[in-house]
Amino acid sequence: MSTFRPDRVKTEKKAARIRILGRPVDCLTRDGAAEKIFRAWERKAFFHVVTANAEMIYRSTRDEVLAAVIEEAELITADGIGVVLASHLLGRPVPERVAGYDLMLECLKLAAGNGIPVYFFGARPEVLPGAIAVASQRFPGLQVVGSRNGYFEENEEEKIARQISMLKPGLLLVALGVPKQEKWISRFRDKLPPCVAIGVGGSFDVLSGKVRRAPGWVQRAGLEWLYRIISEPFRLKRAADLPLFLFSVLVQALKKRF
Ligand code: UDP
């Protein structure tokens, strides 16, 4: 494996970990997260990456299993403006937003450059091949050892995990949506080979071109959540958690102060 060379050179030695509504979040840049992932490949360790957004953290306050899964994960990134804002409110700001989609692309780039085999798990059967095709075209040399769409019966889960184990991917992208993907990774982590497993939500839909991501300026303005609600109105109900999340964080911040 070649030496890690991030595009933006500054990387953290030992990243701090903060707590938002009781959940851990690592204070890392995207390069810092990528470096940790690379080191896990070097160590040949199982490494679960959770890209935590406000919705997920708020949900985990009512879902004990999800809370435990986040707690045991090796890396938790601040995915979304809500989590970034929360870190500021709590006086321990994370250096930047590390969006799941961007981290997935970074991992695919590193995997292609370092001969790390990849497995794509999740999304609709008609979306998955397109996502793999785009990834292979964008990252020449990418070794895709297998794939499986995300629609299956519960009794097929063990078989899928066994198949993945046999193929020994170093990078396992799991696109089943939150919290299914996080719970699946946690449930099978002892049966899977040492690999970096990331829950990537709807990233295969974006990669395949089925869903468009917000333009760069919308992302930079911290309004990607609004763009997603407007383009996919079914998200409105879930987004209602965002103000509740921020209110709970405010209460946490005030409790800390007084
Ligand atoms: N999905 C899946 N199996 C399921 C449910 C969902 O493969 O049983 C896929 C779905 O096709 C989509 C992704 O999981 O590609 C969820 O996308 P979404 O943007 O809703 O993710 P989230 O907002 O939960 O991160």
# chains A, B, ... in the order shown; residues from 1 in each chain; ligands from 1

call {"tool": "select_by_dssp", "arguments": {"residues": "segment 127-219 of chain A", "states": "helix (DSSP H, G or I)", "output": "VMD selection string"}}
result
chain A and resid 128 to 138 154 to 167 180 to 188 203 to 208 216 to 219

call {"tool": "closest_atom_pairs", "arguments": {"of": "chain A", "to": "ligand 1", "cutoff": "7 Å", "atoms": "only C-alpha atoms and all ligand atoms", "output": "Markdown table"}}
result
| residue | atom | partner | partner_atom_place_in_ligand_line | distance |
| --- | --- | --- | --- | --- |
| A:Gly122 | CA | ligand 1 | 7 (O) | 4.0 |
| A:Ala123 | CA | ligand 1 | 7 (O) | 3.5 |
| A:Arg124 | CA | ligand 1 | 11 (O) | 4.6 |
| A:Asn149 | CA | ligand 1 | 7 (O) | 6.1 |
| A:Gly150 | CA | ligand 1 | 7 (O) | 3.2 |
| A:Tyr151 | CA | ligand 1 | 3 (N) | 4.9 |
| A:Ala175 | CA | ligand 1 | 14 (O) | 4.9 |
| A:Leu176 | CA | ligand 1 | 14 (O) | 3.6 |
| A:Gly177 | CA | ligand 1 | 24 (O) | 3.5 |
| A:Val178 | CA | ligand 1 | 24 (O) | 3.9 |
| A:Pro179 | CA | ligand 1 | 24 (O) | 6.9 |
| A:Val200 | CA | ligand 1 | 25 (O) | 6.5 |
| A:Gly201 | CA | ligand 1 | 25 (O) | 3.4 |
| A:Gly202 | CA | ligand 1 | 17 (O) | 3.3 |
| A:Ser203 | CA | ligand 1 | 15 (O) | 6.7 |
| A:Phe204 | CA | ligand 1 | 15 (O) | 5.9 |
| A:Asp205 | CA | ligand 1 | 15 (O) | 5.4 |

call {"tool": "residues_around", "arguments": {"residues": "Gly199 of chain A", "least_positions_apart": "5", "cutoff": "7 Å", "atoms": "only C-alpha atoms", "output": "PyMOL selection string"}}
result
chain A and resi 50+173-175+181-182

call {"tool": "residues_around", "arguments": {"residues": "Met166 of chain A", "least_positions_apart": "3", "cutoff": "9 Å", "atoms": "only C-alpha atoms", "output": "VMD selection string"}}
result
chain A and resid 161 to 163 169 192 to 193

call {"tool": "residues_around", "arguments": {"residues": "Glu64 of chain A", "least_positions_apart": "6", "cutoff": "12 Å", "atoms": "only C-alpha atoms", "output": "mmCIF file with all heavy atoms, in the first residue's frame"}}
result
data_model
loop_
_atom_site.group_PDB
_atom_site.id
_atom_site.type_symbol
_atom_site.label_atom_id
_atom_site.label_comp_id
_atom_site.auth_asym_id
_atom_site.auth_seq_id
_atom_site.Cartn_x
_atom_site.Cartn_y
_atom_site.Cartn_z
ATOM 1 N N GLY A 22 -25.390 13.374 23.777
ATOM 2 C CA GLY A 22 -24.877 12.105 24.297
ATOM 3 C C GLY A 22 -24.135 11.258 23.284
ATOM 4 O O GLY A 22 -23.458 10.300 23.638
ATOM 5 N N ARG A 23 -24.228 11.595 22.005
ATOM 6 C CA ARG A 23 -23.579 10.778 20.979
ATOM 7 C C ARG A 23 -22.187 11.325 20.669
ATOM 8 O O ARG A 23 -22.002 12.544 20.628
ATOM 9 C CB ARG A 23 -24.368 10.766 19.668
ATOM 10 C CG ARG A 23 -25.769 10.178 19.698
ATOM 11 C CD ARG A 23 -25.837 8.729 20.096
ATOM 12 N NE ARG A 23 -25.887 8.513 21.529
ATOM 13 C CZ ARG A 23 -26.990 8.681 22.282
ATOM 14 N NH1 ARG A 23 -28.115 9.027 21.755
ATOM 15 N NH2 ARG A 23 -26.943 8.473 23.583
ATOM 16 N N ILE A 57 -28.734 11.730 14.880
ATOM 17 C CA ILE A 57 -28.414 11.916 16.303
ATOM 18 C C ILE A 57 -29.704 12.091 17.107
ATOM 19 O O ILE A 57 -29.883 11.486 18.163
ATOM 20 C CB ILE A 57 -27.448 13.109 16.496
ATOM 21 C CG1 ILE A 57 -26.080 12.748 15.894
ATOM 22 C CG2 ILE A 57 -27.309 13.469 17.974
ATOM 23 C CD1 ILE A 57 -25.020 13.804 16.034
ATOM 24 N N TYR A 58 -30.644 12.862 16.566
ATOM 25 C CA TYR A 58 -31.901 13.069 17.281
ATOM 26 C C TYR A 58 -32.666 11.745 17.405
ATOM 27 O O TYR A 58 -33.191 11.411 18.457
ATOM 28 C CB TYR A 58 -32.752 14.139 16.595
ATOM 29 C CG TYR A 58 -33.913 14.558 17.452
ATOM 30 C CD1 TYR A 58 -33.707 15.255 18.637
ATOM 31 C CD2 TYR A 58 -35.218 14.204 17.101
ATOM 32 C CE1 TYR A 58 -34.766 15.607 19.460
ATOM 33 C CE2 TYR A 58 -36.278 14.549 17.925
ATOM 34 C CZ TYR A 58 -36.047 15.248 19.091
ATOM 35 O OH TYR A 58 -37.099 15.582 19.906
ATOM 36 N N ILE A 70 -23.823 3.657 17.272
ATOM 37 C CA ILE A 70 -22.976 4.847 17.066
ATOM 38 C C ILE A 70 -21.823 4.826 18.072
ATOM 39 O O ILE A 70 -20.676 5.102 17.739
ATOM 40 C CB ILE A 70 -23.801 6.156 17.197
ATOM 41 C CG1 ILE A 70 -24.912 6.202 16.140
ATOM 42 C CG2 ILE A 70 -22.897 7.384 17.082
ATOM 43 C CD1 ILE A 70 -25.886 7.380 16.272
ATOM 44 N N GLU A 71 -22.138 4.430 19.289
ATOM 45 C CA GLU A 71 -21.128 4.409 20.353
ATOM 46 C C GLU A 71 -19.972 3.467 20.008
ATOM 47 O O GLU A 71 -18.819 3.777 20.282
ATOM 48 C CB GLU A 71 -21.817 3.967 21.658
ATOM 49 C CG GLU A 71 -21.056 4.244 22.919
ATOM 50 C CD GLU A 71 -20.840 5.727 23.193
ATOM 51 O OE1 GLU A 71 -21.790 6.517 23.049
ATOM 52 O OE2 GLU A 71 -19.699 6.095 23.550
ATOM 53 N N PRO A 179 -31.790 4.038 9.888
ATOM 54 C CA PRO A 179 -30.657 3.445 10.597
ATOM 55 C C PRO A 179 -30.358 2.014 10.160
ATOM 56 O O PRO A 179 -29.543 1.354 10.781
ATOM 57 C CB PRO A 179 -31.159 3.438 12.037
ATOM 58 C CG PRO A 179 -32.630 3.144 11.904
ATOM 59 C CD PRO A 179 -33.069 3.770 10.606
ATOM 60 N N LYS A 183 -27.276 -0.373 11.579
ATOM 61 C CA LYS A 183 -27.604 -1.562 12.369
ATOM 62 C C LYS A 183 -27.110 -2.827 11.674
ATOM 63 O O LYS A 183 -26.649 -3.771 12.317
ATOM 64 C CB LYS A 183 -29.117 -1.620 12.623
ATOM 65 C CG LYS A 183 -29.566 -0.536 13.598
ATOM 66 C CD LYS A 183 -31.061 -0.593 13.870
ATOM 67 C CE LYS A 183 -31.470 0.504 14.842
ATOM 68 N NZ LYS A 183 -32.922 0.578 15.053
#

call {"tool": "select_by_dssp", "arguments": {"residues": "segment 60-226 of chain A", "states": "strand (DSSP E)", "output": "VMD selection string"}}
result
chain A and resid 75 to 78 118 to 122 144 to 148 171 to 175 196 to 199

call {"tool": "write_last_selection", "arguments": {"atoms": "N, CA, C and O atoms", "output": "PDB file, in the first residue's frame"}}
result
ATOM      1  N   LEU A  75     -15.385   5.527  13.834  1.00  0.00           N
ATOM      2  CA  LEU A  75     -15.273   6.930  13.401  1.00  0.00           C
ATOM      3  C   LEU A  75     -16.670   7.489  13.173  1.00  0.00           C
ATOM      4  O   LEU A  75     -17.499   6.858  12.503  1.00  0.00           O
ATOM      5  N   ILE A  76     -16.922   8.672  13.739  1.00  0.00           N
ATOM      6  CA  ILE A  76     -18.230   9.314  13.549  1.00  0.00           C
ATOM      7  C   ILE A  76     -17.959  10.723  13.030  1.00  0.00           C
ATOM      8  O   ILE A  76     -17.336  11.529  13.710  1.00  0.00           O
ATOM      9  N   THR A  77     -18.413  10.987  11.803  1.00  0.00           N
ATOM     10  CA  THR A  77     -18.139  12.309  11.226  1.00  0.00           C
ATOM     11  C   THR A  77     -19.380  13.203  11.322  1.00  0.00           C
ATOM     12  O   THR A  77     -20.511  12.718  11.393  1.00  0.00           O
ATOM     13  N   ALA A  78     -19.131  14.502  11.292  1.00  0.00           N
ATOM     14  CA  ALA A  78     -20.215  15.498  11.380  1.00  0.00           C
ATOM     15  C   ALA A  78     -20.776  15.725   9.979  1.00  0.00           C
ATOM     16  O   ALA A  78     -20.244  16.506   9.207  1.00  0.00           O
ATOM     17  N   VAL A 118     -13.512  -3.227  -3.497  1.00  0.00           N
ATOM     18  CA  VAL A 118     -14.724  -2.557  -2.986  1.00  0.00           C
ATOM     19  C   VAL A 118     -15.967  -3.410  -3.230  1.00  0.00           C
ATOM     20  O   VAL A 118     -16.093  -4.065  -4.276  1.00  0.00           O
ATOM     21  N   TYR A 119     -16.891  -3.393  -2.274  1.00  0.00           N
ATOM     22  CA  TYR A 119     -18.194  -4.059  -2.430  1.00  0.00           C
ATOM     23  C   TYR A 119     -19.281  -3.003  -2.293  1.00  0.00           C
ATOM     24  O   TYR A 119     -19.270  -2.212  -1.343  1.00  0.00           O
ATOM     25  N   PHE A 120     -20.215  -2.986  -3.229  1.00  0.00           N
ATOM     26  CA  PHE A 120     -21.340  -2.043  -3.191  1.00  0.00           C
ATOM     27  C   PHE A 120     -22.577  -2.786  -2.721  1.00  0.00           C
ATOM     28  O   PHE A 120     -23.031  -3.702  -3.413  1.00  0.00           O
ATOM     29  N   PHE A 121     -23.139  -2.383  -1.587  1.00  0.00           N
ATOM     30  CA  PHE A 121     -24.314  -3.052  -1.048  1.00  0.00           C
ATOM     31  C   PHE A 121     -25.416  -2.019  -0.796  1.00  0.00           C
ATOM     32  O   PHE A 121     -25.245  -1.106   0.010  1.00  0.00           O
ATOM     33  N   GLY A 122     -26.522  -2.170  -1.519  1.00  0.00           N
ATOM     34  CA  GLY A 122     -27.662  -1.299  -1.255  1.00  0.00           C
ATOM     35  C   GLY A 122     -28.212  -0.643  -2.505  1.00  0.00           C
ATOM     36  O   GLY A 122     -27.723  -0.863  -3.612  1.00  0.00           O
ATOM     37  N   VAL A 144     -13.981  -3.622  -8.228  1.00  0.00           N
ATOM     38  CA  VAL A 144     -15.280  -3.905  -7.595  1.00  0.00           C
ATOM     39  C   VAL A 144     -15.422  -5.427  -7.498  1.00  0.00           C
ATOM     40  O   VAL A 144     -15.537  -6.102  -8.517  1.00  0.00           O
ATOM     41  N   VAL A 145     -15.367  -5.954  -6.263  1.00  0.00           N
ATOM     42  CA  VAL A 145     -15.394  -7.416  -6.113  1.00  0.00           C
ATOM     43  C   VAL A 145     -16.809  -7.971  -6.045  1.00  0.00           C
ATOM     44  O   VAL A 145     -17.009  -9.178  -6.173  1.00  0.00           O
ATOM     45  N   GLY A 146     -17.784  -7.114  -5.838  1.00  0.00           N
ATOM     46  CA  GLY A 146     -19.155  -7.619  -5.774  1.00  0.00           C
ATOM     47  C   GLY A 146     -20.149  -6.525  -5.461  1.00  0.00           C
ATOM     48  O   GLY A 146     -19.780  -5.398  -5.121  1.00  0.00           O
ATOM     49  N   SER A 147     -21.417  -6.875  -5.617  1.00  0.00           N
ATOM     50  CA  SER A 147     -22.471  -5.903  -5.308  1.00  0.00           C
ATOM     51  C   SER A 147     -23.767  -6.655  -5.027  1.00  0.00           C
ATOM     52  O   SER A 147     -23.936  -7.816  -5.444  1.00  0.00           O
ATOM     53  N   ARG A 148     -24.670  -5.991  -4.331  1.00  0.00           N
ATOM     54  CA  ARG A 148     -25.978  -6.576  -4.012  1.00  0.00           C
ATOM     55  C   ARG A 148     -26.926  -5.410  -3.777  1.00  0.00           C
ATOM     56  O   ARG A 148     -26.576  -4.464  -3.078  1.00  0.00           O
ATOM     57  N   LEU A 171     -13.167  -2.218   1.305  1.00  0.00           N
ATOM     58  CA  LEU A 171     -14.110  -1.105   1.486  1.00  0.00           C
ATOM     59  C   LEU A 171     -15.516  -1.635   1.210  1.00  0.00           C
ATOM     60  O   LEU A 171     -15.786  -2.182   0.134  1.00  0.00           O
ATOM     61  N   LEU A 172     -16.387  -1.496   2.203  1.00  0.00           N
ATOM     62  CA  LEU A 172     -17.767  -1.965   2.074  1.00  0.00           C
ATOM     63  C   LEU A 172     -18.697  -0.762   2.192  1.00  0.00           C
ATOM     64  O   LEU A 172     -18.802  -0.152   3.262  1.00  0.00           O
ATOM     65  N   LEU A 173     -19.334  -0.412   1.066  1.00  0.00           N
ATOM     66  CA  LEU A 173     -20.261   0.726   1.069  1.00  0.00           C
ATOM     67  C   LEU A 173     -21.665   0.179   1.255  1.00  0.00           C
ATOM     68  O   LEU A 173     -22.112  -0.658   0.452  1.00  0.00           O
ATOM     69  N   VAL A 174     -22.350   0.624   2.304  1.00  0.00           N
ATOM     70  CA  VAL A 174     -23.679   0.090   2.612  1.00  0.00           C
ATOM     71  C   VAL A 174     -24.712   1.211   2.473  1.00  0.00           C
ATOM     72  O   VAL A 174     -24.736   2.157   3.262  1.00  0.00           O
ATOM     73  N   ALA A 175     -25.550   1.089   1.449  1.00  0.00           N
ATOM     74  CA  ALA A 175     -26.522   2.152   1.137  1.00  0.00           C
ATOM     75  C   ALA A 175     -27.947   1.646   1.358  1.00  0.00           C
ATOM     76  O   ALA A 175     -28.685   1.386   0.415  1.00  0.00           O
ATOM     77  N   VAL A 196     -13.234  -1.443   5.923  1.00  0.00           N
ATOM     78  CA  VAL A 196     -13.828  -0.172   6.289  1.00  0.00           C
ATOM     79  C   VAL A 196     -15.267  -0.220   5.790  1.00  0.00           C
ATOM     80  O   VAL A 196     -15.504  -0.354   4.584  1.00  0.00           O
ATOM     81  N   ALA A 197     -16.219  -0.173   6.710  1.00  0.00           N
ATOM     82  CA  ALA A 197     -17.641  -0.262   6.338  1.00  0.00           C
ATOM     83  C   ALA A 197     -18.306   1.082   6.617  1.00  0.00           C
ATOM     84  O   ALA A 197     -18.243   1.590   7.740  1.00  0.00           O
ATOM     85  N   ILE A 198     -18.906   1.653   5.574  1.00  0.00           N
ATOM     86  CA  ILE A 198     -19.533   2.975   5.733  1.00  0.00           C
ATOM     87  C   ILE A 198     -20.992   2.922   5.307  1.00  0.00           C
ATOM     88  O   ILE A 198     -21.303   2.427   4.218  1.00  0.00           O
ATOM     89  N   GLY A 199     -21.860   3.476   6.125  1.00  0.00           N
ATOM     90  CA  GLY A 199     -23.260   3.641   5.735  1.00  0.00           C
ATOM     91  C   GLY A 199     -23.353   4.912   4.904  1.00  0.00           C
ATOM     92  O   GLY A 199     -23.030   5.995   5.391  1.00  0.00           O
TER      93      GLY A 199
END

call {"tool": "closest_residue", "arguments": {"among": "A:Cys195, A:Val249, A:Ala33, A:Leu167", "to": "Leu21 of chain A", "atoms": "only C-alpha atoms"}}
result
A:Val249

call {"tool": "residues_around", "arguments": {"residues": "Leu90 of chain A", "least_positions_apart": "2", "cutoff": "10 Å", "atoms": "only C-alpha atoms", "output": "list of chain:residue names"}}
result
A:Ile18, A:Arg19, A:Ile20, A:Leu85, A:Ala86, A:Ser87, A:His88, A:Arg92, A:Pro93, A:Val249, A:Leu250, A:Val251, A:Gln252, A:Ala253, A:Leu254, A:Lys256, A:Arg257

call {"tool": "write_last_selection", "arguments": {"atoms": "all heavy atoms", "output": "short mmCIF file (atom, residue, chain, number, x, y, z; two decimals), in the first residue's frame"}}
result
data_model
loop_
_atom_site.label_atom_id
_atom_site.label_comp_id
_atom_site.auth_asym_id
_atom_site.auth_seq_id
_atom_site.Cartn_x
_atom_site.Cartn_y
_atom_site.Cartn_z
N ILE A 18 -16.27 14.93 20.54
CA ILE A 18 -17.22 15.68 21.35
C ILE A 18 -18.49 14.85 21.52
O ILE A 18 -18.64 13.82 20.86
CB ILE A 18 -17.55 17.06 20.72
CG1 ILE A 18 -18.12 16.89 19.31
CG2 ILE A 18 -16.34 17.96 20.71
CD1 ILE A 18 -18.70 18.16 18.73
N ARG A 19 -19.38 15.35 22.37
CA ARG A 19 -20.66 14.64 22.55
C ARG A 19 -21.79 15.59 22.23
O ARG A 19 -21.84 16.70 22.75
CB ARG A 19 -20.80 14.17 24.00
CG ARG A 19 -19.78 13.11 24.35
CD ARG A 19 -20.44 11.83 24.83
NE ARG A 19 -19.47 10.74 24.76
CZ ARG A 19 -19.74 9.53 24.34
NH1 ARG A 19 -20.96 9.23 23.94
NH2 ARG A 19 -18.83 8.59 24.29
N ILE A 20 -22.67 15.15 21.33
CA ILE A 20 -23.85 15.95 20.99
C ILE A 20 -25.07 15.11 21.33
O ILE A 20 -25.23 14.00 20.80
CB ILE A 20 -23.84 16.34 19.49
CG1 ILE A 20 -22.59 17.18 19.18
CG2 ILE A 20 -25.11 17.09 19.12
CD1 ILE A 20 -22.41 17.55 17.73
N LEU A 85 -23.49 23.18 13.41
CA LEU A 85 -24.08 24.25 14.25
C LEU A 85 -24.11 23.83 15.72
O LEU A 85 -23.76 24.62 16.60
CB LEU A 85 -25.51 24.49 13.80
CG LEU A 85 -25.78 25.70 12.93
CD1 LEU A 85 -27.23 25.68 12.46
CD2 LEU A 85 -25.51 26.97 13.72
N ALA A 86 -24.53 22.59 15.95
CA ALA A 86 -24.62 22.07 17.31
C ALA A 86 -23.25 22.12 17.99
O ALA A 86 -23.14 22.52 19.16
CB ALA A 86 -25.15 20.64 17.30
N SER A 87 -22.20 21.75 17.26
CA SER A 87 -20.86 21.75 17.85
C SER A 87 -20.45 23.17 18.25
O SER A 87 -19.79 23.38 19.26
CB SER A 87 -19.84 21.12 16.89
OG SER A 87 -19.57 21.98 15.80
N HIS A 88 -20.88 24.17 17.45
CA HIS A 88 -20.59 25.57 17.79
C HIS A 88 -21.37 25.99 19.03
O HIS A 88 -20.82 26.64 19.93
CB HIS A 88 -20.92 26.50 16.61
CG HIS A 88 -19.86 26.46 15.54
ND1 HIS A 88 -18.80 27.34 15.51
CD2 HIS A 88 -19.69 25.63 14.48
CE1 HIS A 88 -18.02 27.06 14.47
NE2 HIS A 88 -18.55 26.03 13.83
N ARG A 92 -17.57 23.52 21.22
CA ARG A 92 -16.49 22.62 20.76
C ARG A 92 -16.67 22.42 19.26
O ARG A 92 -17.06 21.34 18.80
CB ARG A 92 -16.59 21.25 21.46
CG ARG A 92 -16.54 21.28 22.98
CD ARG A 92 -15.14 21.21 23.55
NE ARG A 92 -14.25 20.23 22.94
CZ ARG A 92 -14.14 18.95 23.34
NH1 ARG A 92 -14.89 18.50 24.30
NH2 ARG A 92 -13.27 18.15 22.77
N PRO A 93 -16.39 23.46 18.45
CA PRO A 93 -16.70 23.36 17.02
C PRO A 93 -15.88 22.31 16.28
O PRO A 93 -14.67 22.18 16.51
CB PRO A 93 -16.38 24.76 16.50
CG PRO A 93 -15.56 25.43 17.54
CD PRO A 93 -15.81 24.74 18.84
N VAL A 249 -30.12 20.58 21.69
CA VAL A 249 -28.71 20.94 21.83
C VAL A 249 -28.57 22.22 22.66
O VAL A 249 -27.69 22.33 23.52
CB VAL A 249 -28.04 21.10 20.44
CG1 VAL A 249 -26.63 21.68 20.58
CG2 VAL A 249 -27.98 19.77 19.71
N LEU A 250 -29.49 23.15 22.40
CA LEU A 250 -29.48 24.41 23.16
C LEU A 250 -29.66 24.13 24.64
O LEU A 250 -28.97 24.70 25.49
CB LEU A 250 -30.60 25.31 22.63
CG LEU A 250 -30.39 26.80 22.73
CD1 LEU A 250 -29.14 27.22 21.96
CD2 LEU A 250 -31.60 27.54 22.15
N VAL A 251 -30.58 23.23 24.95
CA VAL A 251 -30.81 22.86 26.35
C VAL A 251 -29.53 22.24 26.93
O VAL A 251 -29.09 22.58 28.03
CB VAL A 251 -32.00 21.87 26.47
CG1 VAL A 251 -32.13 21.32 27.88
CG2 VAL A 251 -33.30 22.56 26.04
N GLN A 252 -28.88 21.36 26.13
CA GLN A 252 -27.62 20.74 26.59
C GLN A 252 -26.57 21.82 26.86
O GLN A 252 -25.87 21.79 27.88
CB GLN A 252 -27.10 19.76 25.52
CG GLN A 252 -25.83 19.02 25.96
CD GLN A 252 -25.18 18.19 24.86
OE1 GLN A 252 -25.82 17.78 23.89
NE2 GLN A 252 -23.89 17.92 25.00
N ALA A 253 -26.48 22.82 25.95
CA ALA A 253 -25.48 23.88 26.10
C ALA A 253 -25.77 24.72 27.35
O ALA A 253 -24.85 25.06 28.10
CB ALA A 253 -25.49 24.77 24.85
N LEU A 254 -27.05 25.02 27.59
CA LEU A 254 -27.41 25.84 28.75
C LEU A 254 -27.13 25.08 30.05
O LEU A 254 -26.62 25.63 31.02
CB LEU A 254 -28.88 26.25 28.67
CG LEU A 254 -29.19 27.28 27.58
CD1 LEU A 254 -30.68 27.51 27.45
CD2 LEU A 254 -28.47 28.60 27.85
N LYS A 256 -24.90 22.89 30.49
CA LYS A 256 -23.45 22.86 30.67
C LYS A 256 -22.95 24.17 31.30
O LYS A 256 -22.09 24.19 32.15
CB LYS A 256 -22.79 22.63 29.31
CG LYS A 256 -21.51 21.83 29.36
CD LYS A 256 -20.97 21.55 27.98
CE LYS A 256 -19.79 22.45 27.69
NZ LYS A 256 -19.36 22.43 26.32
N ARG A 257 -23.56 25.26 30.83
CA ARG A 257 -23.12 26.58 31.29
C ARG A 257 -23.52 26.87 32.73
O ARG A 257 -22.78 27.43 33.50
CB ARG A 257 -23.70 27.65 30.36
CG ARG A 257 -23.23 29.04 30.70
CD ARG A 257 -23.37 29.99 29.56
NE ARG A 257 -22.55 29.60 28.42
CZ ARG A 257 -22.50 30.32 27.31
NH1 ARG A 257 -23.20 31.41 27.17
NH2 ARG A 257 -21.73 29.94 26.29
#

call {"tool": "residues_around", "arguments": {"residues": "Arg220 of chain A", "least_positions_apart": "3", "cutoff": "12 Å", "atoms": "only C-alpha atoms", "output": "number ranges by chain"}}
result
A: 80-81, 96-97, 99, 214-217, 223-225

call {"tool": "atom_distance", "arguments": {"atom1": "atom CA of Asn114 of chain A", "atom2": "atom CA of Ile185 of chain A"}}
result
23.5 Å

call {"tool": "closest_residue", "arguments": {"among": "A:Cys27, A:Val83, A:Val206, A:Met56", "to": "Tyr101 of chain A", "atoms": "only C-alpha atoms"}}
result
A:Val206

call {"tool": "closest_residue", "arguments": {"among": "A:Gly170, A:Gly82, A:Pro117, A:Pro95", "to": "Arg17 of chain A", "atoms": "only C-alpha atoms"}}
result
A:Pro95

call {"tool": "atom_distance", "arguments": {"atom1": "atom CA of Ala67 of chain A", "atom2": "atom CA of Lys180 of chain A"}}
result
12.9 Å

call {"tool": "closest_residue", "arguments": {"among": "A:Arg39, A:Glu153, A:Ala45, A:Val69", "to": "Trp184 of chain A", "atoms": "only C-alpha atoms"}}
result
A:Val69

call {"tool": "atom_distance", "arguments": {"atom1": "atom CA of Asp190 of chain A", "atom2": "atom CA of Asp102 of chain A"}}
result
27.1 Å
